[in-house]
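Report on the following structure.
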Amino acid sequence: MMSRGRHRRRKRGRALRAALAGTALALTAAATIVSASQANVGKETGALKPLASAADTDPLRLQEDLVPERTLDRLAGQMGKPVGVGAVLDSADHTLRTASGCTTAERTALPVEPAATRAYCWDEADTLGWQPGAVTSSGDADDDGWWGGNRAILSGWSGSDASGASAAGAQGLARVAFVDANDLGRLSYTWALLAVPVDGGRDYRALGSRLSGMVWYQDKLLITADGGDGTALYVYDMDRVQRTTVTSAAVGRVRGGWSAHGNRWVLPAVASYRLTGGACDPDTDTGVPCLGGISLDRSSTPDSLAVSERAGADGDRPTRLWRYSFSTDPERTGLLATDPAGRVPADEAYRTKTAGIGGVLSHQEPGAARADWYLAGTGAGRGTLWRQNGEDARATECGADETHRCWSAHTLSLSYWEALGEVWSQSGRVLFALPLASVDRSLG
């Protein structure tokens, strides 16, 4: 489905962005005060180092694997006609709390500097046994910020109850919250389980991976998933959402119909991309990177997928950043650009001394000579937000001791909603946003 009414809604987006220019919620008053013991963690990382040799770029090559159309059609023929985003949003039956309803403990997940201008909190009971991951939105899907007649946010979560202490029984599962954001003052949502078709479309299984990155581009949703034997990019079609018919803890075909661990919706994968060099290890430099954070860069030509390497936060080795171009073929909407053999090369790559990168964002302002890369470094207590390019590196500072520990501790995703001029992210049970302009001001 292609979005409609783009030019009309672009004017609406500009008006909303203007209205936001002078507003900021007092969200950081309850944020954790940064201690002097954290002041020296933001060591200078230096400029990005370009990687151009084949030895550096060949390990970044992906191989595309498309799920046969007949497999997807067979699954749809058994489950019923697929639906799109609008039908899913119409079923939203949960509500996110606004900033005023967030607890003091939840607010400690917000950045200290720059301050968030929007914040929403997830219900603890609804997310028990689940670990928050990446965020994307209709601001990625289309440049006017709308998809069809809706504005939406997608929030990814991974099952984390390995100890069995949670009642959710979610270990090894991954799901996405479809959030109705037509009214940014009241966000409602519902869940869809991520799945992979099996047996030629006669059944499906759970994705069974930890979700770390997510980008909704055109009619496709790309997700970075770690299944324990390396990482892959899985692709989902936003017009192929299937409705379940049985509410149970099972996943797939069951007696009486189809189940998705209690979720009313399921997304079957339509493609995947894997690094051609083999398995990776985030704690050891094997030469093959583990795919980590991803984001959309509309400022590049063509639009591209920015990627950060997932590496151990305690290691000192440099990590890699790179990008893949999206296809401009109208028959391949939302897919990456490939050669005739289905291979996807990295268009450009860099090495950074920043360790423990979570979210990544690449953006080039009009007239600028190069793109800036924004890196959310994770850490105990608080993280660090860097802006790096080929010339220098800067980190946000806060507190009397000018520490760099000003960002949220665990943000696996940075997503730029161009129509609003805002960067969206998630930490703990808090979904938040802040203007990209305020990020740049804080970085000097």
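Following the order of the structure tokens, first chain is A, next is B, and so on, with residues numbered from 1 inside each chain and ligands from 1 in the order they appear.
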
As a VMD selection string, please: every residue in range 193-375 of chain A that DSSP puts in strand (DSSP E or B). chain A and resid 193 to 198 203 to 206 210 to 217 220 to 226 231 to 237 241 to 243 251 to 254 257 to 260 265 to 275 291 to 297 304 to 309 319 to 326 336 343 to 344 348 to 352 357 to 363 372 to 375

So that each row is one residue of range 185-304 of chain A with an atom at most 7 Å from range 43-61 of chain A, can you give its shortest atom pair and the distance in Å to one decimal, using only C-alpha atoms, rows by chain and rising number, as a tab-separated table?
residue	atom	partner	partner_atom	distance
A:Leu275	CA	A:Arg61	CA	5.7
A:Thr276	CA	A:Arg61	CA	6.1
A:Gly277	CA	A:Pro59	CA	5.6
A:Gly287	CA	A:Pro59	CA	6.7
A:Val288	CA	A:Pro59	CA	5.5

Near-Arg323 in chain A list (8 Å; only C-alpha atoms; drop same-chain fewer than 6 positions) as a VMD selection string: chain A and resid 304 to 307 346 to 349

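Using only C-alpha atoms, the nearest neighbour of Ala311 in chain A within the list A:Gly377, A:Gly278, A:Gly256, A:Pro330 is A:Gly377.
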
Write out as a ChimeraX atom specification which residues come within 6 Å of Pro435 in chain A when counting only C-alpha atoms, dropping same-chain ones fewer than 6 positions away. /A:421-423

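Shortest separation to Ala368 in chain A among A:Pro340, A:Asn389, A:Ala92, A:Trp122 occurs at residue A:Asn389, atoms counted being only C-alpha atoms.
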
Among range 102-305 of chain A, which ones does DSSP assign to alpha helix (DSSP H) (computed from the backbone)? Answer as number ranges by chain. A: 104-107, 124-127, 138-141

Limited to N, CA and C atoms, could you put the picked residues into a file as a short mmCIF file (atom, residue, chain, number, x, y, z; two decimals), in the first residue's frame?
data_model
loop_
_atom_site.label_atom_id
_atom_site.label_comp_id
_atom_site.auth_asym_id
_atom_site.auth_seq_id
_atom_site.Cartn_x
_atom_site.Cartn_y
_atom_site.Cartn_z
N THR A 104 8.15 8.26 39.64
CA THR A 104 9.48 8.84 39.81
C THR A 104 10.54 7.87 39.35
N ALA A 105 10.38 6.60 39.68
CA ALA A 105 11.37 5.59 39.27
C ALA A 105 11.43 5.47 37.76
N GLU A 106 10.29 5.53 37.10
CA GLU A 106 10.28 5.43 35.64
C GLU A 106 10.96 6.63 35.01
N ARG A 107 10.81 7.79 35.60
CA ARG A 107 11.40 9.00 35.02
C ARG A 107 12.93 8.99 35.08
N GLU A 124 3.18 -1.90 33.64
CA GLU A 124 4.10 -2.92 34.14
C GLU A 124 3.53 -4.33 33.95
N ALA A 125 2.26 -4.51 34.25
CA ALA A 125 1.66 -5.84 34.12
C ALA A 125 1.64 -6.30 32.67
N ASP A 126 1.45 -5.39 31.75
CA ASP A 126 1.36 -5.74 30.33
C ASP A 126 2.72 -6.05 29.73
N THR A 127 3.80 -5.61 30.37
CA THR A 127 5.15 -5.82 29.84
C THR A 127 6.00 -6.72 30.73
N SER A 138 5.66 5.86 11.72
CA SER A 138 5.23 6.27 10.38
C SER A 138 6.05 7.44 9.88
N GLY A 139 6.81 8.08 10.77
CA GLY A 139 7.76 9.10 10.35
C GLY A 139 8.90 8.51 9.55
N ASP A 140 9.20 7.23 9.76
CA ASP A 140 10.15 6.51 8.92
C ASP A 140 9.47 6.00 7.66
N ALA A 141 8.25 5.51 7.82
CA ALA A 141 7.54 4.88 6.70
C ALA A 141 7.36 5.84 5.53
#

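Going from CA of Val88 in chain A over to CA of Leu336 in chain A, you cover 25.8 Å.
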
Would you tabulate, counting only C-alpha atoms, all residues of range 201-296 of chain A that have an atom at most 12 Å from an atom of range 63-71 of chain A, showing the closest pair of atoms and their distance in Å to one decimal, sorted by chain then ascending number, as a Markdown table?
| residue | atom | partner | partner_atom | distance |
| --- | --- | --- | --- | --- |
| A:Gly201 | CA | A:Thr71 | CA | 4.4 |
| A:Arg202 | CA | A:Thr71 | CA | 7.9 |
| A:Asp203 | CA | A:Thr71 | CA | 9.7 |
| A:Tyr204 | CA | A:Thr71 | CA | 10.6 |
| A:Ala232 | CA | A:Gln63 | CA | 9.9 |
| A:Leu233 | CA | A:Glu64 | CA | 9.4 |
| A:Tyr234 | CA | A:Asp65 | CA | 9.6 |
| A:Val235 | CA | A:Leu66 | CA | 9.0 |
| A:Tyr236 | CA | A:Val67 | CA | 10.4 |
| A:Asp237 | CA | A:Val67 | CA | 11.3 |
| A:Arg240 | CA | A:Glu69 | CA | 11.7 |
| A:Pro268 | CA | A:Val67 | CA | 9.9 |
| A:Ala269 | CA | A:Val67 | CA | 7.6 |
| A:Val270 | CA | A:Val67 | CA | 5.1 |
| A:Ala271 | CA | A:Leu66 | CA | 4.3 |
| A:Ser272 | CA | A:Asp65 | CA | 5.3 |
| A:Tyr273 | CA | A:Glu64 | CA | 4.6 |
| A:Arg274 | CA | A:Gln63 | CA | 5.4 |
| A:Leu275 | CA | A:Gln63 | CA | 6.4 |
| A:Thr276 | CA | A:Gln63 | CA | 6.2 |
| A:Gly277 | CA | A:Gln63 | CA | 10.0 |
| A:Gly278 | CA | A:Gln63 | CA | 11.0 |

Near-Cys121 in chain A list (10 Å; only C-alpha atoms; drop same-chain fewer than 6 positions) as a PyMOL selection string: chain A and resi 95-103+106-107+426-432

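Summary of the local environment: counting only C-alpha atoms, residues at most 9 Å from range 80-85 of chain A, other than itself and those fewer than 3 positions away along its chain, are Met1, Leu75, Ala76, Gly77, Val88, Leu89, Asp90, Trp147, Gly148, Asn150, Ala152, Phe178, Asp237, Met238, Asp239, Arg240, Val241, Gln242 and Arg243 of chain A.
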
Store the residues picked out above, limited to all heavy atoms, as a compact mmCIF listing (two decimals), in the first residue's frame.
# COMPACT_ATOMS: atom_id res chain seq x y z
N MET A 1 0.85 -1.19 0.00
CA MET A 1 0.00 0.00 0.00
C MET A 1 0.88 1.24 0.00
O MET A 1 1.79 1.37 0.81
CB MET A 1 -0.88 0.02 1.23
CG MET A 1 -1.77 1.25 1.30
SD MET A 1 -2.62 1.39 2.89
CE MET A 1 -1.30 2.01 3.90
N LEU A 75 -0.27 -19.41 3.41
CA LEU A 75 -0.56 -19.06 4.80
C LEU A 75 -1.79 -18.16 4.88
O LEU A 75 -2.68 -18.37 5.72
CB LEU A 75 0.65 -18.38 5.43
CG LEU A 75 0.56 -18.05 6.92
CD1 LEU A 75 0.39 -19.32 7.74
CD2 LEU A 75 1.79 -17.28 7.38
N ALA A 76 -1.85 -17.16 4.01
CA ALA A 76 -3.00 -16.25 4.00
C ALA A 76 -4.28 -16.98 3.62
O ALA A 76 -5.36 -16.67 4.14
CB ALA A 76 -2.73 -15.09 3.04
N GLY A 77 -4.16 -17.95 2.71
CA GLY A 77 -5.33 -18.69 2.31
C GLY A 77 -5.94 -19.50 3.45
O GLY A 77 -7.16 -19.71 3.50
N VAL A 88 -5.17 -2.90 12.35
CA VAL A 88 -4.52 -3.23 13.61
C VAL A 88 -4.70 -2.10 14.62
O VAL A 88 -5.04 -2.32 15.79
CB VAL A 88 -3.02 -3.52 13.39
CG1 VAL A 88 -2.34 -3.87 14.72
CG2 VAL A 88 -2.84 -4.67 12.39
N LEU A 89 -4.50 -0.87 14.18
CA LEU A 89 -4.65 0.27 15.08
C LEU A 89 -6.09 0.41 15.57
O LEU A 89 -6.32 0.82 16.72
CB LEU A 89 -4.22 1.56 14.38
CG LEU A 89 -2.74 1.68 14.00
CD1 LEU A 89 -2.50 3.00 13.26
CD2 LEU A 89 -1.85 1.59 15.23
N ASP A 90 -7.05 0.04 14.75
CA ASP A 90 -8.46 0.13 15.16
C ASP A 90 -8.76 -0.80 16.33
O ASP A 90 -9.75 -0.58 17.06
CB ASP A 90 -9.38 -0.22 13.98
CG ASP A 90 -9.45 0.89 12.95
OD1 ASP A 90 -9.06 2.02 13.28
OD2 ASP A 90 -9.89 0.62 11.82
N TRP A 147 0.91 7.22 7.56
CA TRP A 147 0.77 6.04 6.73
C TRP A 147 -0.73 5.84 6.46
O TRP A 147 -1.48 5.54 7.37
CB TRP A 147 1.35 4.81 7.41
CG TRP A 147 1.35 3.60 6.52
CD1 TRP A 147 0.56 2.50 6.63
CD2 TRP A 147 2.17 3.39 5.37
NE1 TRP A 147 0.84 1.63 5.62
CE2 TRP A 147 1.82 2.15 4.83
CE3 TRP A 147 3.16 4.16 4.73
CZ2 TRP A 147 2.43 1.62 3.69
CZ3 TRP A 147 3.76 3.64 3.59
CH2 TRP A 147 3.41 2.40 3.09
N GLY A 148 -1.12 6.08 5.20
CA GLY A 148 -2.54 6.12 4.91
C GLY A 148 -3.15 7.28 5.67
O GLY A 148 -2.69 8.41 5.58
N ASN A 150 -3.24 7.37 9.03
CA ASN A 150 -2.84 7.20 10.42
C ASN A 150 -1.40 7.63 10.68
O ASN A 150 -0.53 7.54 9.81
CB ASN A 150 -2.98 5.73 10.85
CG ASN A 150 -4.41 5.29 10.92
OD1 ASN A 150 -5.15 5.65 11.83
ND2 ASN A 150 -4.83 4.49 9.94
N ALA A 152 1.49 6.51 13.38
CA ALA A 152 1.68 5.34 14.25
C ALA A 152 3.13 5.22 14.70
O ALA A 152 4.06 5.69 14.04
CB ALA A 152 1.27 4.06 13.52
N PHE A 178 1.77 -1.97 18.14
CA PHE A 178 1.29 -1.01 17.15
C PHE A 178 0.60 0.10 17.94
O PHE A 178 -0.46 -0.12 18.54
CB PHE A 178 0.31 -1.67 16.20
CG PHE A 178 0.94 -2.48 15.11
CD1 PHE A 178 1.71 -3.60 15.40
CD2 PHE A 178 0.78 -2.12 13.78
CE1 PHE A 178 2.28 -4.35 14.39
CE2 PHE A 178 1.35 -2.86 12.76
CZ PHE A 178 2.12 -3.98 13.07
N ASP A 237 6.01 -7.50 5.98
CA ASP A 237 5.18 -6.68 5.09
C ASP A 237 4.04 -6.10 5.92
O ASP A 237 3.23 -6.83 6.50
CB ASP A 237 4.64 -7.57 3.96
CG ASP A 237 3.95 -6.76 2.87
OD1 ASP A 237 3.33 -5.72 3.18
OD2 ASP A 237 4.03 -7.17 1.70
N MET A 238 3.94 -4.78 5.95
CA MET A 238 2.93 -4.12 6.78
C MET A 238 1.52 -4.26 6.22
O MET A 238 0.55 -3.87 6.87
CB MET A 238 3.29 -2.65 6.95
CG MET A 238 4.65 -2.42 7.63
SD MET A 238 4.71 -3.10 9.30
CE MET A 238 3.85 -1.81 10.19
N ASP A 239 1.40 -4.82 5.02
CA ASP A 239 0.08 -5.13 4.47
C ASP A 239 -0.23 -6.62 4.57
O ASP A 239 -1.21 -7.09 4.00
CB ASP A 239 0.01 -4.69 3.00
CG ASP A 239 0.02 -3.19 2.85
OD1 ASP A 239 -0.54 -2.51 3.73
OD2 ASP A 239 0.61 -2.69 1.87
N ARG A 240 0.60 -7.36 5.29
CA ARG A 240 0.39 -8.81 5.47
C ARG A 240 0.30 -9.15 6.96
O ARG A 240 0.94 -10.08 7.43
CB ARG A 240 1.49 -9.60 4.80
CG ARG A 240 1.33 -9.78 3.30
CD ARG A 240 2.32 -10.79 2.76
NE ARG A 240 2.13 -11.08 1.36
CZ ARG A 240 1.32 -12.04 0.87
NH1 ARG A 240 0.61 -12.76 1.72
NH2 ARG A 240 1.23 -12.26 -0.42
N VAL A 241 -0.45 -8.40 7.71
CA VAL A 241 -0.69 -8.73 9.11
C VAL A 241 -1.84 -9.74 9.16
O VAL A 241 -2.88 -9.53 8.54
CB VAL A 241 -1.06 -7.48 9.93
CG1 VAL A 241 -1.16 -7.84 11.42
CG2 VAL A 241 -0.03 -6.37 9.72
N GLN A 242 -1.62 -10.85 9.88
CA GLN A 242 -2.64 -11.89 9.95
C GLN A 242 -3.34 -11.87 11.31
O GLN A 242 -2.73 -11.60 12.33
CB GLN A 242 -2.00 -13.26 9.73
CG GLN A 242 -1.36 -13.45 8.37
CD GLN A 242 -2.33 -13.65 7.25
OE1 GLN A 242 -1.97 -13.63 6.07
NE2 GLN A 242 -3.61 -13.83 7.57
N ARG A 243 -4.63 -12.18 11.28
CA ARG A 243 -5.43 -12.21 12.49
C ARG A 243 -5.43 -13.63 13.08
O ARG A 243 -5.60 -14.61 12.36
CB ARG A 243 -6.87 -11.80 12.17
CG ARG A 243 -7.73 -11.52 13.39
CD ARG A 243 -9.20 -11.32 12.96
NE ARG A 243 -9.33 -10.29 11.95
CZ ARG A 243 -9.56 -9.00 12.22
NH1 ARG A 243 -9.64 -8.60 13.47
NH2 ARG A 243 -9.69 -8.13 11.24

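One distance worth recording is that between CA of Ala250 in chain A and CA of Ala174 in chain A, which is 13.7 Å.
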
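Here the question is which of A:Gly390, A:Gly262, A:Gly252, A:Gly359 gets nearest to Leu375 in chain A using only C-alpha atoms, and that residue is A:Gly359.
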
Point-to-point distance in Å for CA of Val179 in chain A and CA of Thr136 in chain A: 10.5 Å

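Proximity ranking of A:Thr108, A:Gln171, A:Thr224, A:Thr284 relative to Ser408 in chain A places A:Thr108 first, based on only C-alpha atoms.
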
Need to verify the contact set: Glu309 in chain A, 9 Å, only C-alpha atoms, exclusion of same-chain residues closer than 3 positions in sequence. Can you return it as a PDB file with C-alpha atoms, in the first residue's frame?
ATOM      1  CA  PRO A 282      29.886  -9.510  20.100  1.00  0.00           C
ATOM      2  CA  PRO A 289      30.171  -7.903  12.911  1.00  0.00           C
ATOM      3  CA  CYS A 290      27.001  -8.583  14.857  1.00  0.00           C
ATOM      4  CA  LEU A 291      24.175  -6.408  13.560  1.00  0.00           C
ATOM      5  CA  GLY A 292      23.040  -4.004  16.258  1.00  0.00           C
ATOM      6  CA  GLY A 293      21.093  -0.759  16.094  1.00  0.00           C
ATOM      7  CA  THR A 319      33.250  -0.827  16.602  1.00  0.00           C
ATOM      8  CA  ARG A 320      31.927  -0.359  13.085  1.00  0.00           C
ATOM      9  CA  LEU A 321      29.217   1.809  11.539  1.00  0.00           C
ATOM     10  CA  TRP A 322      27.991   1.395   7.988  1.00  0.00           C
ATOM     11  CA  ILE A 357      26.763   1.400  21.141  1.00  0.00           C
ATOM     12  CA  GLY A 358      23.013   0.937  21.397  1.00  0.00           C
TER      13      GLY A 358
END

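Nearest to Gly257 in chain A of all the residues A:Leu173, A:Leu110, A:Val196, A:Met79 is A:Met79, based on only C-alpha atoms.
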
From the list A:Arg343, A:Arg317, A:Arg175, A:Arg310, the nearest residue to Ala260 in chain A using only C-alpha atoms is A:Arg175
